[in-house]
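Peer 1: Once you've had a glance at the structure underneath, I'll fire off some questions.
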Amino acid sequence: MPYKSATTTRLLATHCVVCARSLRDAKSVEIGIGPICRKKHGFDAIYNALTSRKRNNVNKLIHAAGVAAEDDDAGAVLKLADKIEKTYKFVNVAARIRQRFIKIRVHRVEDVPQFRWNSRTREEEATGE
């Protein structure tokens with residue numbers, strides 16, 4: 001059995017759920033987020049204010065998101081990001097996780113003229129006029 005698919009290996013987060021870099025220190029592997037992303041996205045400030053029970057629970061959620069990311073299960077990662085944000089108020093971390101896994105973003109731009117590549121209407125096309 002390959003190392004990456006071994007059951008015991010699946011218990012470890014090997015890459016940061018936020019940026020996909022390899023995790024190298026014990027705390028990062030336990031949580032599933034590297035030290036740079038923890039600092040950059042304000043994780044440590046919120047994390048340190050949590051009770052140990054809540055810390056353990058958020059660690060489990062982020063770790064589960066990391067494992068789902070390793071499996072390329074974007075749907076599970078996005079659901080876990082929602083739960084991380086709603087339950088523990090890690091807004092920046094959840095937003096960055098979503099950004100990593102949502103490849104297409106649609107933005108509505110107001111006051112932009114609409115252009116059509118074909119000036120014929122559907123009725124004209126249907127009747128052949």
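Every chain in the structure tokens takes a letter, A first, then B, and so on in the order presented; its residues are numbered from 1, and the ligands are numbered from 1 following the presented order.
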Find the residues near segment 50-62 of chain A: any atom within 7 Å, counting only C-alpha atoms, skip ones fewer than 6 places away on the same chain, and give them as JSON, numbers by chain.
Peer 2: {"A": [31, 32, 80, 84]}
Peer 1: Using only C-alpha atoms for the distances, tell me which of A:Lys27, A:Val18, A:Ile36, A:Ala13 is nearest to Ala81 of chain A.
Peer 2: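 The closest residue to Ala81 of chain A is A:Val18.
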Peer 1: List the neighbours of Lys40 of chain A out to 12 Å using only C-alpha atoms; skip same-chain residues closer than 5 positions along the sequence, and give me the result as a PyMOL selection string.
Peer 2: chain A and resi 18-19+33-35+45+92-93+96
